[in-house]
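Peer 1: What follows is coords.txt, made up of compact mmCIF, C-alpha atoms and all ligand atoms:
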```txt
# COMPACT_ATOMS: atom_id res chain seq x y z
CA MET O 996 0.00 0.00 0.00
CA ALA O 997 1.39 3.42 -0.98
CA ARG O 998 0.91 5.75 1.95
CA LEU O 999 0.02 9.40 1.41
CA LYS O 1000 3.21 11.43 1.86
CA THR O 1001 2.22 14.21 4.23
CA GLY O 1002 4.06 17.29 5.41
CA ALA O 1003 3.12 18.98 8.68
CA LEU O 1004 3.60 22.68 9.44
CA ILE O 1005 3.90 23.63 13.12
CA SER O 1006 4.82 26.58 15.31
CA GLY O 1007 4.49 25.24 18.83
CA SER O 1008 3.91 22.34 21.16
CA GLY O 1009 2.78 19.94 18.46
CA THR O 1010 0.32 17.78 20.35
CA ASN O 1011 -1.80 17.44 17.21
CA LEU O 1012 1.36 16.54 15.32
CA GLN O 1013 1.96 13.88 17.99
CA ALA O 1014 -1.50 12.43 17.37
CA LEU O 1015 -0.73 12.23 13.65
CA LEU O 1016 2.70 10.67 14.30
CA ASP O 1017 1.15 8.11 16.64
CA ALA O 1018 -1.50 7.20 14.08
CA ALA O 1019 1.08 6.96 11.30
CA ALA O 1020 3.22 4.65 13.45
CA SER O 1021 0.70 1.95 12.68
CA PRO O 1022 1.66 0.26 9.39
CA ASP O 1023 -1.95 0.05 8.25
CA TYR O 1024 -2.51 3.81 8.59
CA PRO O 1025 -2.83 5.11 5.02
CA ALA O 1026 -0.69 8.27 5.46
CA GLU O 1027 2.88 8.86 6.62
CA ILE O 1028 4.37 12.03 8.04
CA THR O 1029 7.27 12.66 5.69
CA LEU O 1030 8.48 16.06 6.85
CA VAL O 1031 7.78 18.46 9.71
CA ILE O 1032 8.47 22.15 9.12
CA SER O 1033 8.44 24.73 11.90
CA ASN O 1034 8.75 28.49 11.52
CA LYS O 1035 10.17 28.56 15.05
CA ALA O 1036 13.46 26.88 15.93
CA ASP O 1037 12.36 26.33 19.54
CA ALA O 1038 9.01 24.67 18.78
CA PRO O 1039 8.72 21.62 21.07
CA GLY O 1040 6.97 19.79 18.24
CA LEU O 1041 10.31 19.43 16.44
CA ALA O 1042 11.55 17.03 19.13
CA ARG O 1043 8.38 14.97 18.74
CA ALA O 1044 9.13 14.54 15.04
CA GLU O 1045 12.77 13.67 15.68
CA LYS O 1046 11.76 11.07 18.26
CA ALA O 1047 9.47 9.51 15.67
CA GLY O 1048 12.31 9.45 13.13
CA VAL O 1049 10.70 12.06 10.89
CA ALA O 1050 12.77 14.66 9.01
CA THR O 1051 12.47 18.22 10.32
CA GLN O 1052 13.24 21.61 8.90
CA VAL O 1053 13.14 25.10 10.41
CA ILE O 1054 12.03 27.80 8.00
CA ASP O 1055 12.00 31.04 9.97
CA HIS O 1056 9.61 33.59 8.52
CA ARG O 1057 11.88 36.37 9.77
CA ASP O 1058 14.51 35.30 7.24
CA TYR O 1059 12.22 36.23 4.33
CA ALA O 1060 11.37 39.63 2.90
CA ASP O 1061 7.64 38.97 2.71
CA ARG O 1062 4.93 36.33 3.02
CA ALA O 1063 5.25 35.34 -0.63
CA ALA O 1064 8.95 34.54 -0.26
CA PHE O 1065 8.36 32.63 2.99
CA ASP O 1066 5.54 30.60 1.45
CA ALA O 1067 7.70 29.88 -1.61
CA ALA O 1068 10.33 28.42 0.73
CA LEU O 1069 7.68 26.25 2.41
CA ASP O 1070 6.45 25.09 -0.99
CA SER O 1071 9.97 24.19 -2.17
CA ALA O 1072 10.74 22.23 0.99
CA LEU O 1073 7.48 20.27 0.77
CA LYS O 1074 8.10 19.47 -2.89
CA ALA O 1075 11.73 18.51 -2.27
CA ALA O 1076 10.47 15.95 0.27
CA ALA O 1077 7.90 14.71 -2.28
CA CYS O 1078 4.98 15.66 -0.02
CA GLU O 1079 1.61 15.12 -1.66
CA PHE O 1080 -0.46 16.57 1.16
CA VAL O 1081 -0.05 19.10 3.99
CA CYS O 1082 -1.48 19.32 7.51
CA LEU O 1083 -1.35 22.59 9.43
CA ALA O 1084 -0.94 21.63 13.08
CA GLY O 1085 -0.78 24.75 15.22
CA PHE O 1086 0.97 26.71 12.48
CA MET O 1087 0.64 30.34 13.52
CA ARG O 1088 1.34 32.11 10.22
CA LEU O 1089 -1.26 33.20 7.72
CA LEU O 1090 -0.57 31.61 4.34
CA THR O 1091 -0.83 33.58 1.11
CA PRO O 1092 -3.76 32.97 -1.25
CA ALA O 1093 -1.21 31.71 -3.80
CA PHE O 1094 -0.04 28.97 -1.43
CA ALA O 1095 -3.62 28.02 -0.51
CA GLU O 1096 -4.52 27.79 -4.19
CA ALA O 1097 -1.39 25.83 -5.11
CA TRP O 1098 -2.27 23.23 -2.46
CA ARG O 1099 -6.04 23.46 -2.90
CA ASP O 1100 -7.77 20.33 -1.53
CA ARG O 1101 -4.35 19.01 -0.49
CA LEU O 1102 -4.03 21.29 2.56
CA ILE O 1103 -5.99 20.94 5.81
CA ASN O 1104 -6.11 22.72 9.14
CA ILE O 1105 -7.49 22.07 12.62
CA HIS O 1106 -9.25 24.86 14.50
CA PRO O 1107 -10.42 24.72 18.16
CA ALA O 1108 -14.06 25.69 17.55
CA LEU O 1109 -17.07 24.48 15.62
CA LEU O 1110 -16.59 26.50 12.45
CA PRO O 1111 -17.97 28.73 11.08
CA SER O 1112 -18.31 30.04 14.64
CA PHE O 1113 -15.35 31.58 16.45
CA LYS O 1114 -12.75 31.99 13.72
CA GLY O 1115 -9.35 33.46 14.48
CA LEU O 1116 -7.30 33.59 17.65
CA ASP O 1117 -8.53 32.62 21.13
CA ALA O 1118 -11.44 30.59 19.77
CA GLN O 1119 -12.04 28.92 23.14
CA ALA O 1120 -12.26 32.30 24.91
CA GLN O 1121 -14.64 33.50 22.20
CA ALA O 1122 -16.90 30.48 22.83
CA LEU O 1123 -16.91 31.17 26.59
CA ALA O 1124 -17.61 34.88 26.07
CA ALA O 1125 -20.54 34.04 23.80
CA GLY O 1126 -22.03 31.70 26.41
CA ALA O 1127 -21.89 28.72 24.04
CA ARG O 1128 -23.14 25.49 25.62
CA ILE O 1129 -21.36 23.30 23.11
CA SER O 1130 -18.04 23.89 21.42
CA GLY O 1131 -15.44 21.69 19.80
CA CYS O 1132 -13.03 21.51 16.91
CA THR O 1133 -13.02 21.35 13.14
CA VAL O 1134 -10.73 19.84 10.50
CA HIS O 1135 -11.25 21.66 7.21
CA PHE O 1136 -9.67 22.19 3.83
CA VAL O 1137 -7.79 25.48 3.70
CA ARG O 1138 -9.02 28.35 1.55
CA PRO O 1139 -7.45 31.81 1.22
CA GLU O 1140 -9.81 33.23 3.86
CA MET O 1141 -8.71 32.45 7.43
CA ASP O 1142 -10.40 29.47 9.12
CA ALA O 1143 -12.66 28.93 6.14
CA GLY O 1144 -13.04 25.99 3.79
CA PRO O 1145 -14.98 22.76 3.37
CA ILE O 1146 -15.48 20.98 6.70
CA ILE O 1147 -14.21 17.38 6.89
CA VAL O 1148 -14.68 16.30 10.53
CA GLN O 1149 -15.98 18.06 13.64
CA GLY O 1150 -15.83 17.01 17.27
CA ALA O 1151 -18.21 18.49 19.85
CA VAL O 1152 -17.75 18.86 23.61
CA PRO O 1153 -19.93 20.48 26.26
CA VAL O 1154 -19.02 23.80 27.81
CA LEU O 1155 -19.42 23.15 31.54
CA GLU O 1156 -20.35 25.54 34.32
CA GLY O 1157 -17.18 26.94 35.82
CA ASP O 1158 -15.05 26.33 32.75
CA ASP O 1159 -12.23 28.75 32.21
CA GLU O 1160 -10.34 29.04 28.96
CA ALA O 1161 -7.74 26.45 29.99
CA ALA O 1162 -10.34 23.87 31.03
CA LEU O 1163 -12.32 24.24 27.83
CA ALA O 1164 -9.18 24.24 25.68
CA ALA O 1165 -8.00 21.00 27.32
CA ARG O 1166 -11.37 19.30 26.73
CA ILE O 1167 -11.36 20.40 23.09
CA LEU O 1168 -7.71 19.39 22.59
CA GLU O 1169 -8.47 15.79 23.55
CA VAL O 1170 -11.00 15.64 20.75
CA GLU O 1171 -8.63 17.38 18.33
CA HIS O 1172 -6.26 14.46 18.87
CA ARG O 1173 -9.01 12.08 17.77
CA ILE O 1174 -10.41 13.93 14.79
CA TYR O 1175 -7.18 15.03 13.10
CA PRO O 1176 -5.91 11.47 12.53
CA LEU O 1177 -9.46 10.46 11.57
CA ALA O 1178 -9.72 13.20 8.94
CA LEU O 1179 -6.31 12.38 7.43
CA ARG O 1180 -7.20 8.70 7.33
CA LEU O 1181 -10.49 9.35 5.55
CA ILE O 1182 -8.69 11.49 2.97
CA ALA O 1183 -5.81 9.07 2.46
CA ASP O 1184 -8.32 6.24 2.03
CA GLY O 1185 -9.88 8.23 -0.82
CA ARG O 1186 -13.23 8.59 0.93
CA VAL O 1187 -13.32 12.39 0.92
CA SER O 1188 -14.44 14.49 -2.02
CA VAL O 1189 -15.07 18.23 -2.24
CA ALA O 1190 -18.12 19.53 -4.08
CA GLY O 1191 -18.35 23.30 -3.98
CA ASP O 1192 -18.23 24.39 -0.35
CA ARG O 1193 -19.04 20.95 1.03
CA VAL O 1194 -17.27 17.69 1.74
CA ARG O 1195 -18.77 14.30 1.02
CA ILE O 1196 -17.48 11.24 2.88
CA THR O 1197 -18.20 8.10 0.92
CA GLY O 1198 -18.33 4.44 1.81
CA ALA O 1199 -19.13 2.76 5.07
CA GLU O 1200 -17.83 5.74 7.03
CA GLY O 1201 -20.21 8.29 5.58
CA ASP O 1202 -21.15 9.44 9.08
CA ALA O 1203 -17.59 9.54 10.35
CA GLY O 1204 -17.41 13.32 10.15
CA ALA O 1205 -19.17 13.84 13.46
CA VAL O 1206 -17.54 12.93 16.77
CA LEU O 1207 -19.61 13.69 19.86
CA ILE O 1208 -18.22 13.57 23.36
CA SER O 1209 -20.63 13.27 26.26
CA PRO O 1210 -20.13 15.27 29.48
CA SER O 1211 -18.72 12.20 31.21
CA GLY O 1212 -16.09 12.00 28.47
C1 LIG N 1301 -4.65 23.62 18.59
O1 LIG N 1301 -5.60 24.07 19.52
C2 LIG N 1301 -5.17 23.78 17.20
O2 LIG N 1301 -6.54 23.61 17.09
C3 LIG N 1301 -4.79 25.21 16.87
O3 LIG N 1301 -3.55 25.40 17.48
C4 LIG N 1301 -3.40 24.50 18.58
C5 LIG N 1301 -2.16 23.72 18.36
O4 LIG N 1301 -1.83 22.91 19.44
N1 LIG N 1301 -4.79 25.42 15.45
P1 LIG N 1301 -0.67 21.82 19.28
O5 LIG N 1301 0.58 22.56 18.84
O6 LIG N 1301 -1.12 20.82 18.27
O7 LIG N 1301 -0.50 21.23 20.64
```
Mind turning the file's structure into structure tokens?

Peer 2:
Amino acid sequence: MARLKTGALISGSGTNLQALLDAAASPDYPAEITLVISNKADAPGLARAEKAGVATQVIDHRDYADRAAFDAALDSALKAAACEFVCLAGFMRLLTPAFAEAWRDRLINIHPALLPSFKGLDAQAQALAAGARISGCTVHFVRPEMDAGPIIVQGAVPVLEGDDEAALAARILEVEHRIYPLALRLIADGRVSVAGDRVRITGAEGDAGAVLISPSG
């Protein structure tokens, strides 16, 4: 079985990257993490990749004149490693429309809210401030607009009385670690197609796009 060669872009702790690495450690997982790129040399996620025996590269955005030049460097590195697909995993730079178009339907992101609600930074704090009773996370194809694009998988969690941002973020993060490997598996298995603004999941796992977590976990 040819596994989908996947690059991951990170900026920080890389717990979602870890979930992808753990999934890909299983020989029957249909994708492999081929290369991890960080825009920050001190991102703890780099050590996770090294421990898993995955190639790493630091491409510091401050070394480039503008976003276009930085994104061109990302693109070259991904192509040099023969990556066919890209996962953003806590990558804290906005990508140019040109990059998003070049990797259209081959580039996915995870966001800690039920999109299209609470786009942008501090999504968990936004959910709390809005008094949401349910929040969660979304894996979606990337489009030039931030936190927009066809939704692949969502995971929902309750917002509990007394939650602060850290408590809600931790509850959501646990589900992120389940749905990101699930989404990549569905794609690598060829079950995901994009029609306009919507994703269709075919085959026996047609309902796999929804993951619900009850209050008891
Ligand atoms: C996650 O909450 C993810 O949804 C957001 O950035 C955070 C990254 O966390 N895009 P980690 O680096 O994967 O631990």

Peer 1: Compile the contact shell of region 1124-1128 of chain O as JSON, numbers by chain: residues with an atom at most 10 Å away, counting only C-alpha atoms, same-chain residues fewer than 3 positions apart removed.

Peer 2: {"O": [1113, 1118, 1119, 1120, 1121, 1152, 1153, 1154, 1155, 1156, 1160]}

Peer 1: Figure out the distance between CA of Val1134 (chain O) and CA of Ala1165 (chain O), please, to one decimal in Å.

Peer 2: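 Answer for the CA of Ala1165 (chain O) to CA of Val1134 (chain O) separation: 17.1 Å.
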
Peer 1: Taking all listed atoms of ligand LIG 1301 (chain N), build the axis-aligned box, pad each of the six sides by 4 Å, then write its centre and edge lengths in Å to one decimal as AutoDock Vina command-line options.

Peer 2:
```
--center_x -3.0 --center_y 23.1 --center_z 18.0 --size_x 15.1 --size_y 12.6 --size_z 13.2
```

Peer 1: Can you tell me which residues come within 8 Å of ligand LIG 1301 (chain N) when counting all atoms listed in the file, ideally as a PyMOL selection string?

Peer 2: chain O and resi 1005-1013+1040+1083-1087+1104-1108+1132-1133+1164+1167-1168+1171

Peer 1: With only C-alpha atoms as the atoms that count, which of O:Asp1037, O:Glu1140, O:Asp1117, O:Asp1100 lies nearest to Ala1190 (chain O)?

Peer 2: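 Closest residue, counting only C-alpha atoms: O:Asp1100.
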
Peer 1: Neighbouring residues of region 996-998 of chain O were defined as those with any atom within 10 Å, considering only C-alpha atoms; residues of the same chain fewer than 2 positions away were excluded. Please report them as a list in words.

Peer 2: Lys1000, Thr1001, Ala1019, Pro1022, Asp1023, Tyr1024, Pro1025, Ala1026, Glu1027, Ile1028, Ala1183 and Asp1184 of chain O

Peer 1: Report, in Å to a single decimal, how far apart CA of Ser1188 (chain O) and CA of Phe1094 (chain O) are.

Peer 2: 20.4 Å

Peer 1: Skip Ala1014 (chain O) itself and residues of its chain fewer than 5 positions away, then list as a VMD selection string all residues within 8 Å of it, counting all atoms listed in the file.

Peer 2: chain O and resid 1172 to 1173 1175 to 1176

Peer 1: I'd like the neighbourhood of Ile1103 (chain O) as a PyMOL selection string, where a residue qualifies if any of its atoms comes within 12 Å (using only C-alpha atoms), though same-chain residues fewer than 6 positions away should be ignored.

Peer 2: chain O and resi 1001-1004+1080-1086+1095+1133-1139+1141-1148+1175-1176+1178-1179+1182

Peer 1: Keeping C-alpha atoms for every residue in the selection just given, could you write it to a file as a PDB file, in the frame of the given file?

Peer 2:
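Writing done, so here's selection23.pdb:
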```pdb
ATOM      1  CA  THR O1001       2.220  14.210   4.230  1.00  0.00           C
ATOM      2  CA  GLY O1002       4.060  17.290   5.410  1.00  0.00           C
ATOM      3  CA  ALA O1003       3.120  18.980   8.680  1.00  0.00           C
ATOM      4  CA  LEU O1004       3.600  22.680   9.440  1.00  0.00           C
ATOM      5  CA  PHE O1080      -0.460  16.570   1.160  1.00  0.00           C
ATOM      6  CA  VAL O1081      -0.050  19.100   3.990  1.00  0.00           C
ATOM      7  CA  CYS O1082      -1.480  19.320   7.510  1.00  0.00           C
ATOM      8  CA  LEU O1083      -1.350  22.590   9.430  1.00  0.00           C
ATOM      9  CA  ALA O1084      -0.940  21.630  13.080  1.00  0.00           C
ATOM     10  CA  GLY O1085      -0.780  24.750  15.220  1.00  0.00           C
ATOM     11  CA  PHE O1086       0.970  26.710  12.480  1.00  0.00           C
ATOM     12  CA  ALA O1095      -3.620  28.020  -0.510  1.00  0.00           C
ATOM     13  CA  THR O1133     -13.020  21.350  13.140  1.00  0.00           C
ATOM     14  CA  VAL O1134     -10.730  19.840  10.500  1.00  0.00           C
ATOM     15  CA  HIS O1135     -11.250  21.660   7.210  1.00  0.00           C
ATOM     16  CA  PHE O1136      -9.670  22.190   3.830  1.00  0.00           C
ATOM     17  CA  VAL O1137      -7.790  25.480   3.700  1.00  0.00           C
ATOM     18  CA  ARG O1138      -9.020  28.350   1.550  1.00  0.00           C
ATOM     19  CA  PRO O1139      -7.450  31.810   1.220  1.00  0.00           C
ATOM     20  CA  MET O1141      -8.710  32.450   7.430  1.00  0.00           C
ATOM     21  CA  ASP O1142     -10.400  29.470   9.120  1.00  0.00           C
ATOM     22  CA  ALA O1143     -12.660  28.930   6.140  1.00  0.00           C
ATOM     23  CA  GLY O1144     -13.040  25.990   3.790  1.00  0.00           C
ATOM     24  CA  PRO O1145     -14.980  22.760   3.370  1.00  0.00           C
ATOM     25  CA  ILE O1146     -15.480  20.980   6.700  1.00  0.00           C
ATOM     26  CA  ILE O1147     -14.210  17.380   6.890  1.00  0.00           C
ATOM     27  CA  VAL O1148     -14.680  16.300  10.530  1.00  0.00           C
ATOM     28  CA  TYR O1175      -7.180  15.030  13.100  1.00  0.00           C
ATOM     29  CA  PRO O1176      -5.910  11.470  12.530  1.00  0.00           C
ATOM     30  CA  ALA O1178      -9.720  13.200   8.940  1.00  0.00           C
ATOM     31  CA  LEU O1179      -6.310  12.380   7.430  1.00  0.00           C
ATOM     32  CA  ILE O1182      -8.690  11.490   2.970  1.00  0.00           C
TER      33      ILE O1182
END
```

Peer 1: Please compute the CA of Glu1096 (chain O)-CA of Phe1065 (chain O) distance, one decimal, in Å.

Peer 2: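 Between CA of Glu1096 (chain O) and CA of Phe1065 (chain O) the gap works out to 15.5 Å.
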
Peer 1: Would you please work out which residue, of O:Ala1097, O:Ala1067, O:Ala1036, O:Ala1072, is nearest to Asp1055 (chain O) when using only C-alpha atoms?

Peer 2: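 Comparing O:Ala1097, O:Ala1067, O:Ala1036, O:Ala1072 against Asp1055 (chain O), the winner is O:Ala1036.
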
Peer 1: Would you please work out which residue, of O:Thr1029, O:Ala1161, O:Ala1093, O:Asp1192, is nearest to Ala1077 (chain O) when using only C-alpha atoms?

Peer 2: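 Residue with the minimum atom-to-atom distance to Ala1077 (chain O): O:Thr1029.
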